[in-house]
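As provided, coords14.txt (compact mmCIF, C-alpha atoms) reads as follows.
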# COMPACT_ATOMS: atom_id res chain seq x y z
CA MET H 1 6.72 19.34 4.93
CA LEU H 2 6.43 15.79 3.63
CA THR H 3 3.34 14.58 1.77
CA LEU H 4 2.71 11.07 0.44
CA VAL H 5 0.33 10.85 -2.51
CA THR H 6 -0.78 7.43 -3.71
CA GLY H 7 -3.50 5.90 -5.83
CA GLY H 8 -4.12 3.43 -8.62
CA ALA H 9 -2.96 3.73 -12.23
CA ALA H 10 -4.46 6.73 -14.03
CA SER H 11 -6.19 7.90 -10.84
CA GLY H 12 -5.16 11.54 -11.24
CA LYS H 13 -2.52 11.33 -8.53
CA SER H 14 0.18 13.08 -10.62
CA GLU H 15 -2.01 16.05 -11.39
CA TYR H 16 -3.04 16.32 -7.77
CA ALA H 17 0.58 16.08 -6.60
CA GLU H 18 1.67 18.76 -9.09
CA GLY H 19 -1.08 21.03 -7.82
CA LEU H 20 0.21 20.60 -4.28
CA THR H 21 3.76 21.41 -5.39
CA LEU H 22 2.54 24.60 -7.09
CA LEU H 23 1.21 25.85 -3.74
CA SER H 24 4.76 25.88 -2.37
CA PRO H 25 6.60 29.21 -2.68
CA GLY H 26 10.01 27.60 -3.24
CA ARG H 27 11.83 26.79 -6.50
CA ARG H 28 10.26 23.67 -8.01
CA TYR H 29 12.11 20.51 -8.84
CA TYR H 30 10.74 17.38 -10.45
CA LEU H 31 12.62 14.20 -9.65
CA ALA H 32 11.87 11.82 -12.52
CA THR H 33 12.54 8.20 -11.59
CA MET H 34 11.41 6.31 -14.66
CA ARG H 35 14.08 4.46 -16.60
CA PRO H 36 13.36 3.54 -20.22
CA CYS H 37 13.08 -0.19 -20.94
CA GLY H 38 15.08 0.20 -24.16
CA PRO H 39 16.64 2.84 -26.41
CA ALA H 40 13.44 3.32 -28.41
CA ASP H 41 10.56 2.43 -26.14
CA PRO H 42 7.44 4.14 -27.59
CA GLU H 43 5.28 3.45 -24.52
CA PHE H 44 7.88 5.07 -22.28
CA ALA H 45 8.23 8.04 -24.64
CA ALA H 46 4.45 8.58 -24.71
CA ARG H 47 4.21 8.40 -20.93
CA VAL H 48 7.05 10.86 -20.45
CA ALA H 49 5.53 13.20 -23.07
CA ARG H 50 2.19 13.17 -21.24
CA HIS H 51 3.80 14.04 -17.93
CA ARG H 52 5.96 16.77 -19.51
CA ALA H 53 2.88 18.34 -21.08
CA LEU H 54 1.17 18.31 -17.67
CA ARG H 55 4.12 20.15 -16.13
CA ALA H 56 4.74 22.57 -19.02
CA GLY H 57 4.77 26.21 -17.97
CA LYS H 58 4.61 25.40 -14.26
CA GLY H 59 8.25 26.22 -13.62
CA PHE H 60 9.57 22.78 -12.80
CA GLN H 61 13.23 21.95 -13.26
CA THR H 62 13.53 18.23 -14.02
CA ILE H 63 16.24 16.10 -12.44
CA GLU H 64 16.59 12.52 -13.66
CA CYS H 65 16.81 10.24 -10.65
CA PRO H 66 16.37 6.53 -11.49
CA THR H 67 18.54 5.54 -8.47
CA GLU H 68 20.69 7.17 -5.76
CA LEU H 69 18.15 9.64 -4.46
CA ARG H 70 20.54 10.31 -1.61
CA ASN H 71 22.98 12.07 -3.98
CA VAL H 72 20.52 14.59 -5.41
CA ALA H 73 21.72 18.08 -4.51
CA LEU H 74 19.01 20.71 -4.10
CA PRO H 75 19.07 24.30 -2.89
CA GLY H 76 17.49 24.87 0.51
CA GLY H 77 13.84 25.93 0.69
CA SER H 78 12.82 24.33 -2.60
CA ALA H 79 9.70 22.33 -3.46
CA VAL H 80 10.33 18.81 -4.67
CA LEU H 81 7.99 16.44 -6.46
CA LEU H 82 9.31 12.87 -6.60
CA GLU H 83 7.55 10.75 -9.19
CA CYS H 84 7.28 8.02 -8.57
CA LEU H 85 8.36 5.85 -5.67
CA SER H 86 7.27 2.64 -7.42
CA ASN H 87 9.82 3.17 -10.22
CA LEU H 88 12.56 4.21 -7.83
CA ALA H 89 11.92 1.09 -5.72
CA ALA H 90 12.08 -1.20 -8.75
CA ASN H 91 15.25 0.47 -10.04
CA GLU H 92 17.00 0.20 -6.67
CA LEU H 93 15.84 -3.36 -5.94
CA PHE H 94 16.63 -4.86 -9.33
CA GLY H 95 19.39 -2.58 -10.63
CA GLY H 96 20.83 -0.56 -7.78
CA ALA H 97 21.11 -1.03 -4.04
CA GLY H 98 19.45 -4.50 -4.08
CA GLU H 99 18.84 -5.71 -0.54
CA ASP H 100 19.65 -2.23 0.80
CA ALA H 101 16.98 -0.58 -1.34
CA GLU H 102 14.69 0.30 1.57
CA ARG H 103 17.45 1.89 3.63
CA GLU H 104 18.91 3.75 0.65
CA ILE H 105 15.58 5.20 -0.47
CA LEU H 106 14.54 6.24 3.04
CA ALA H 107 17.93 7.90 3.55
CA GLY H 108 17.29 9.75 0.27
CA ILE H 109 13.83 10.87 1.42
CA ASP H 110 15.28 12.05 4.74
CA ALA H 111 17.98 14.01 2.90
CA LEU H 112 15.35 15.67 0.67
CA CYS H 113 13.25 16.60 3.71
CA HIS H 114 16.32 18.10 5.36
CA ARG H 115 17.04 20.39 2.40
CA ALA H 116 13.69 21.17 0.81
CA ARG H 117 10.79 23.14 2.21
CA ASP H 118 8.16 20.84 0.73
CA VAL H 119 8.59 17.25 -0.43
CA ILE H 120 5.78 15.48 -2.27
CA VAL H 121 6.29 11.78 -2.93
CA VAL H 122 4.04 10.00 -5.43
CA SER H 123 3.58 6.27 -4.93
CA ASN H 124 1.33 3.59 -6.35
CA GLU H 125 -1.55 1.54 -4.96
CA ILE H 126 -0.97 -2.01 -6.25
CA PHE H 127 -1.77 -4.14 -3.23
CA SER H 128 -5.41 -5.20 -3.51
CA ASP H 129 -5.64 -7.47 -6.55
CA GLY H 130 -5.32 -10.76 -4.65
CA VAL H 131 -2.75 -12.11 -7.09
CA ALA H 132 0.05 -14.37 -5.80
CA TYR H 133 3.10 -13.26 -7.78
CA ASP H 134 6.51 -14.87 -8.30
CA SER H 135 9.07 -14.37 -5.53
CA GLY H 136 10.85 -11.46 -7.25
CA THR H 137 7.62 -9.53 -7.62
CA GLU H 138 6.59 -10.37 -4.05
CA ARG H 139 9.91 -8.93 -2.85
CA TYR H 140 9.13 -5.79 -4.79
CA LEU H 141 5.60 -5.55 -3.32
CA ASP H 142 7.03 -6.05 0.16
CA LEU H 143 9.58 -3.26 -0.46
CA LEU H 144 7.04 -0.79 -1.83
CA GLY H 145 4.62 -1.59 1.02
CA ARG H 146 7.35 -0.93 3.58
CA LEU H 147 8.36 2.31 1.89
CA ASN H 148 4.75 3.49 1.74
CA ARG H 149 4.26 2.76 5.44
CA GLU H 150 7.55 4.35 6.51
CA ILE H 151 7.00 7.46 4.42
CA ALA H 152 3.38 7.68 5.65
CA ARG H 153 4.72 7.54 9.22
CA ARG H 154 7.16 10.39 8.54
CA ALA H 155 4.68 12.44 6.49
CA ARG H 156 2.41 15.14 7.82
CA ARG H 157 -0.09 14.42 5.06
CA VAL H 158 -1.07 11.13 3.36
CA VAL H 159 -3.46 11.29 0.43
CA GLU H 160 -5.09 8.55 -1.63
CA VAL H 161 -6.37 9.87 -4.96
CA VAL H 162 -9.43 8.11 -6.40
CA CYS H 163 -10.79 9.30 -9.77
CA GLY H 164 -8.99 12.59 -9.21
CA ILE H 165 -10.58 13.05 -5.76
CA PRO H 166 -8.19 13.32 -2.78
CA ILE H 167 -8.99 11.21 0.28
CA TYR H 168 -6.98 12.36 3.30
CA HIS H 169 -5.71 9.49 5.47
CA LYS H 170 -3.52 11.84 7.50
CA GLY H 171 -3.54 15.62 7.62
CA GLY H 172 -5.79 17.65 5.33
CA PRO H 173 -5.85 20.00 2.36
CA HIS H 174 -4.63 23.01 4.37
CA GLU H 175 -1.57 21.72 6.20
CA MET Y 1 -15.18 -9.96 16.99
CA ARG Y 2 -13.11 -7.38 15.19
CA LEU Y 3 -12.16 -7.38 11.53
CA ILE Y 4 -9.09 -5.63 10.10
CA VAL Y 5 -8.85 -5.42 6.32
CA GLY Y 6 -6.60 -3.72 3.78
CA GLY Y 7 -4.38 -4.50 0.83
CA ALA Y 8 -1.32 -6.71 1.15
CA HIS Y 9 1.75 -5.17 2.82
CA GLN Y 10 -0.18 -2.35 4.50
CA GLY Y 11 0.79 -3.11 8.12
CA LYS Y 12 -2.41 -4.84 9.32
CA LEU Y 13 -0.64 -7.29 11.65
CA ALA Y 14 1.57 -4.63 13.25
CA TYR Y 15 -1.54 -2.52 13.83
CA ALA Y 16 -3.48 -5.46 15.31
CA LEU Y 17 -0.65 -6.40 17.68
CA GLU Y 18 -0.31 -2.79 18.81
CA GLN Y 19 -4.07 -2.48 19.32
CA THR Y 20 -4.58 -5.73 21.21
CA GLY Y 21 -1.30 -6.01 23.13
CA LEU Y 22 -1.01 -9.61 21.89
CA SER Y 23 2.37 -11.11 21.03
CA ALA Y 24 3.42 -12.53 17.67
CA ALA Y 25 3.39 -16.00 19.28
CA GLN Y 26 -0.38 -15.71 19.78
CA VAL Y 27 -1.06 -15.18 16.11
CA VAL Y 28 -2.67 -18.04 14.20
CA ASP Y 29 -1.84 -17.92 10.48
CA GLY Y 30 -4.58 -18.97 8.08
CA ALA Y 31 -1.91 -19.73 5.48
CA GLU Y 32 -0.63 -22.74 7.40
CA CYS Y 33 -2.58 -23.47 10.61
CA ASP Y 34 -4.66 -26.60 11.25
CA LEU Y 35 -8.06 -25.44 10.01
CA SER Y 36 -9.89 -28.21 11.85
CA ASP Y 37 -8.78 -26.84 15.23
CA VAL Y 38 -10.42 -23.47 15.87
CA GLY Y 39 -10.36 -23.41 19.69
CA ARG Y 40 -8.92 -20.50 21.66
CA ILE Y 41 -7.71 -18.21 18.90
CA ALA Y 42 -7.12 -14.55 19.82
CA LEU Y 43 -5.81 -13.27 16.51
CA PHE Y 44 -6.29 -14.94 13.14
CA THR Y 45 -4.28 -13.56 10.21
CA HIS Y 46 -4.38 -14.27 6.46
CA PHE Y 47 -8.05 -15.20 6.62
CA HIS Y 48 -8.22 -14.86 2.82
CA LEU Y 49 -5.60 -17.62 2.48
CA ALA Y 50 -7.54 -19.86 4.86
CA VAL Y 51 -10.51 -19.43 2.51
CA ARG Y 52 -8.36 -20.61 -0.38
CA ARG Y 53 -7.23 -23.69 1.55
CA LEU Y 54 -10.80 -24.50 2.58
CA LEU Y 55 -11.98 -24.34 -1.03
CA GLN Y 56 -9.10 -26.56 -2.12
CA ALA Y 57 -10.15 -29.07 0.55
CA GLY Y 58 -13.75 -28.96 -0.68
CA GLU Y 59 -15.02 -27.27 2.48
CA ASN Y 60 -17.46 -24.39 2.87
CA PRO Y 61 -15.71 -21.23 4.13
CA MET Y 62 -18.96 -19.98 5.72
CA GLN Y 63 -19.16 -23.08 7.92
CA PHE Y 64 -15.58 -22.45 8.98
CA VAL Y 65 -16.54 -18.89 9.90
CA GLU Y 66 -19.38 -20.23 12.06
CA ARG Y 67 -17.07 -22.63 13.91
CA LEU Y 68 -14.41 -19.97 14.36
CA LEU Y 69 -16.83 -17.39 15.78
CA ALA Y 70 -18.65 -19.91 17.99
CA CYS Y 71 -15.39 -20.84 19.72
CA ASN Y 72 -13.88 -17.34 19.74
CA PRO Y 73 -16.47 -14.58 20.08
CA ASP Y 74 -13.77 -11.97 20.84
CA ILE Y 75 -11.39 -12.94 18.03
CA VAL Y 76 -9.58 -10.38 15.85
CA ILE Y 77 -9.52 -11.44 12.19
CA LEU Y 78 -7.19 -10.00 9.54
CA ALA Y 79 -7.87 -10.32 5.84
CA ASP Y 80 -6.36 -8.90 2.67
CA GLU Y 81 -8.66 -7.12 0.28
CA VAL Y 82 -8.29 -9.21 -2.87
CA GLY Y 83 -11.04 -7.98 -5.17
CA CYS Y 84 -9.47 -4.97 -6.89
CA GLY Y 85 -7.75 -6.69 -9.80
CA VAL Y 86 -8.85 -7.84 -13.23
CA VAL Y 87 -11.26 -10.79 -13.16
CA PRO Y 88 -8.95 -13.85 -13.09
CA LEU Y 89 -8.96 -16.19 -16.08
CA SER Y 90 -9.05 -19.35 -14.00
CA ARG Y 91 -12.27 -20.56 -12.43
CA GLU Y 92 -10.48 -21.53 -9.25
CA GLU Y 93 -9.09 -18.01 -8.77
CA ARG Y 94 -12.48 -16.44 -9.48
CA ASP Y 95 -14.19 -18.74 -6.98
CA TRP Y 96 -11.58 -17.94 -4.35
CA ARG Y 97 -11.86 -14.19 -4.85
CA GLU Y 98 -15.63 -14.43 -4.66
CA ALA Y 99 -15.62 -16.60 -1.53
CA ALA Y 100 -13.01 -14.44 0.23
CA GLY Y 101 -14.95 -11.26 -0.53
CA ARG Y 102 -18.32 -12.70 0.55
CA ALA Y 103 -16.84 -14.14 3.72
CA CYS Y 104 -15.34 -10.75 4.59
CA CYS Y 105 -18.74 -9.12 4.04
CA GLU Y 106 -20.27 -11.60 6.47
CA LEU Y 107 -17.48 -11.04 9.00
CA ALA Y 108 -17.88 -7.26 8.67
CA ARG Y 109 -21.65 -7.57 9.14
CA ARG Y 110 -21.16 -9.38 12.43
CA ALA Y 111 -18.06 -7.51 13.66
CA SER Y 112 -18.34 -4.98 16.47
CA ARG Y 113 -15.67 -2.97 14.72
CA VAL Y 114 -14.00 -2.97 11.30
CA ASP Y 115 -10.75 -1.16 10.53
CA ARG Y 116 -9.12 -0.67 7.14
CA VAL Y 117 -5.35 -0.17 7.13
CA PHE Y 118 -3.79 1.89 4.35
CA CYS Y 119 -0.06 2.68 4.35
CA GLY Y 120 0.04 1.73 8.03
CA ILE Y 121 -2.79 4.14 8.89
CA ALA Y 122 -6.00 2.60 10.23
CA VAL Y 123 -9.42 4.05 9.54
CA THR Y 124 -12.37 2.65 11.46
CA ILE Y 125 -15.06 1.99 8.88
CA LYS Y 126 -17.54 0.43 11.30
CA GLY Y 127 -18.03 0.67 15.05
CA ALA Y 128 -16.72 2.82 17.89
CA THR Y 129 -13.16 4.18 17.98
CA LYS Y 130 -12.71 4.25 21.75

I'd like the structure from this file rewritten - as structure tokens, please.
Amino acid sequence: MLTLVTGGAASGKSEYAEGLTLLSPGRRYYLATMRPCGPADPEFAARVARHRALRAGKGFQTIECPTELRNVALPGGSAVLLECLSNLAANELFGGAGEDAEREILAGIDALCHRARDVIVVSNEIFSDGVAYDSGTERYLDLLGRLNREIARRARRVVEVVCGIPIYHKGGPHE
Amino acid sequence: MRLIVGGAHQGKLAYALEQTGLSAAQVVDGAECDLSDVGRIALFTHFHLAVRRLLQAGENPMQFVERLLACNPDIVILADEVGCGVVPLSREERDWREAAGRACCELARRASRVDRVFCGIAVTIKGATK
């Protein structure tokens, strides 16, 4: 079953998404999409450390997946937490599939859904600030918006997390 | 009048076209249309950008709203939510954000129905869902 979890920065969406993944009986995999900006990026290291601490002891096996989601091999019946779509989209658009980013990522999501029992995709709500960005950033916003809509269409459950509180746009807590 | 709001890139226009059965050719785009001609408009998109253009031209967005609604009582208006960022440094941007937000409040007050689209999913936040 596919679930899309989105929300603003520091909204509690990761913790919520991890909780959902823990409800799944399958083996748990964490697809980490963040790519460090440099060899010694302290902000990146701190962010990764925070997320690792959140997951510690919960039985997740981490798979690094900055691009090429389609090539991730998972055993059948597993539970997969992909975090997060906004990094994967940026990596594919600016340093991977380029113009084919949308198709590549959706093919990857479809492949995950085919293999895994539960797929939880974490995305990011960055569309309501009214700022007119440069063309590169607008291309990125367009891509992430399309991905969010397409994944929401495929998903059985779509959740926006606000201050740690889940708001169900599609489906509910007991799908 | 119906109002459809949501963040950028959420699928508001696709939802509006599906709901109304209108074609893309019937859409009037507030980003580039002639703002002095408000007759016979079925679907008006990018209302928030029309507000920006009106302010730049020294016009009052509320008066534009009055003209638009007087000519088109059954119009469907689409607007981005633009108020969820950090307060902009420039006065012009702050004024625009304020005017766009207030104008949307006025539109929502007078609308028979208001929908908010999130990730392509519409939630009716005012009015009947028949």

Practice problem: Go ahead and find all residues with at least one atom no further than 6 Å from (-12.9, -25.4, 10.3) in the file's coordinates, using all atoms listed in the file; report them as a ChimeraX atom specification. | Solution: /Y:35-36,64

Exercise. Provide the CA of Glu92 in chain Y to CA of Ala31 in chain Y distance in Å, to one decimal place.
Key: 17.1 Å

Exercise. Please measure the separation of CA of Asp34 in chain Y and CA of Ala70 in chain Y, giving the value in Å to one decimal.
Key: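 Between CA of Asp34 in chain Y and CA of Ala70 in chain Y the gap is 16.9 Å.
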
Quiz item: From the set Y:Ser112, Y:Gln26, Y:Asn60, Y:Ser90, which residue has the shortest atom-to-atom contact distance to chain H, counting all atoms listed in the file?
Solution: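 Checking each of Y:Ser112, Y:Gln26, Y:Asn60, Y:Ser90 against chain H, counting all atoms listed in the file, the winner is Y:Ser90.
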
Residues within 10 Å of Ile105 in chain H, please, as a PDB file with C-alpha atoms, keeping the file's coordinate frame. Count only C-alpha atoms; anything in the same chain fewer than 5 positions from it doesn't count.
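Listing of result27.pdb after writing:
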ATOM      1  CA  THR H  67      18.540   5.540  -8.470  1.00  0.00           C
ATOM      2  CA  GLU H  68      20.690   7.170  -5.760  1.00  0.00           C
ATOM      3  CA  LEU H  69      18.150   9.640  -4.460  1.00  0.00           C
ATOM      4  CA  ARG H  70      20.540  10.310  -1.610  1.00  0.00           C
ATOM      5  CA  LEU H  85       8.360   5.850  -5.670  1.00  0.00           C
ATOM      6  CA  LEU H  88      12.560   4.210  -7.830  1.00  0.00           C
ATOM      7  CA  ALA H  89      11.920   1.090  -5.720  1.00  0.00           C
ATOM      8  CA  GLU H  92      17.000   0.200  -6.670  1.00  0.00           C
ATOM      9  CA  ALA H  97      21.110  -1.030  -4.040  1.00  0.00           C
ATOM     10  CA  ASP H 100      19.650  -2.230   0.800  1.00  0.00           C
ATOM     11  CA  ASP H 110      15.280  12.050   4.740  1.00  0.00           C
ATOM     12  CA  ALA H 111      17.980  14.010   2.900  1.00  0.00           C
ATOM     13  CA  LEU H 147       8.360   2.310   1.890  1.00  0.00           C
TER      14      LEU H 147
END

Quiz prompt | Pick from Y:Arg109, Y:Asp29, Y:Cys119, Y:Ile125 nearest to Arg154 in chain H, counting all atoms listed in the file | solution =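 Nearest candidate to Arg154 in chain H out of Y:Arg109, Y:Asp29, Y:Cys119, Y:Ile125: Y:Cys119.
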
Contact check, chain Y to chain H, at most 12 Å, counting only C-alpha atoms, closest pairs as a Markdown table:
| residue | atom | partner | partner_atom | distance |
| --- | --- | --- | --- | --- |
| Y:Val5 | CA | H:Ser128 | CA | 10.4 |
| Y:Gly6 | CA | H:Ser128 | CA | 7.5 |
| Y:Gly7 | CA | H:Ser128 | CA | 4.5 |
| Y:Ala8 | CA | H:Phe127 | CA | 5.1 |
| Y:His9 | CA | H:Gly145 | CA | 4.9 |
| Y:Gln10 | CA | H:Gly145 | CA | 6.0 |
| Y:Gly11 | CA | H:Arg149 | CA | 7.3 |
| Y:Lys12 | CA | H:Arg149 | CA | 10.8 |
| Y:Ala14 | CA | H:Arg149 | CA | 11.1 |
| Y:Tyr15 | CA | H:Arg149 | CA | 11.5 |
| Y:His46 | CA | H:Gly130 | CA | 11.7 |
| Y:His48 | CA | H:Gly130 | CA | 9.0 |
| Y:Leu49 | CA | H:Gly130 | CA | 9.9 |
| Y:Arg52 | CA | H:Gly130 | CA | 11.2 |
| Y:Ala79 | CA | H:Gly130 | CA | 10.8 |
| Y:Asp80 | CA | H:Ser128 | CA | 7.3 |
| Y:Glu81 | CA | H:Ser128 | CA | 5.3 |
| Y:Val82 | CA | H:Gly130 | CA | 3.8 |
| Y:Gly83 | CA | H:Asp129 | CA | 5.6 |
| Y:Cys84 | CA | H:Asp129 | CA | 4.6 |
| Y:Gly85 | CA | H:Asp129 | CA | 4.0 |
| Y:Val86 | CA | H:Asp129 | CA | 7.4 |
| Y:Val87 | CA | H:Asp129 | CA | 9.3 |
| Y:Pro88 | CA | H:Val131 | CA | 8.8 |
| Y:Leu89 | CA | H:Val131 | CA | 11.7 |
| Y:Ser90 | CA | H:Val131 | CA | 11.8 |
| Y:Glu93 | CA | H:Val131 | CA | 8.8 |
| Y:Arg94 | CA | H:Gly130 | CA | 10.3 |
| Y:Trp96 | CA | H:Gly130 | CA | 9.5 |
| Y:Arg97 | CA | H:Gly130 | CA | 7.4 |
| Y:Glu98 | CA | H:Gly130 | CA | 10.9 |
| Y:Ala100 | CA | H:Gly130 | CA | 9.8 |
| Y:Gly101 | CA | H:Gly130 | CA | 10.5 |
| Y:Arg116 | CA | H:His169 | CA | 10.8 |
| Y:Val117 | CA | H:His169 | CA | 9.8 |
| Y:Phe118 | CA | H:His169 | CA | 7.9 |
| Y:Cys119 | CA | H:Arg149 | CA | 4.5 |
| Y:Gly120 | CA | H:Arg149 | CA | 5.1 |
| Y:Ile121 | CA | H:His169 | CA | 7.0 |
| Y:Ala122 | CA | H:His169 | CA | 8.4 |
| Y:Val123 | CA | H:His169 | CA | 7.7 |
| Y:Thr124 | CA | H:His169 | CA | 11.3 |

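One distance worth recording is that between CA of Leu74 in chain H and CA of Glu104 in chain H, which is 17.6 Å.
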
Quiz item: Hey, what's within 10 Å of Pro173 in chain H if we count all atoms listed in the file and toss same-chain stuff fewer than 4 positions away? As JSON, numbers by chain, please?
Solution: {"H": [20, 157, 159, 166, 167, 168]}
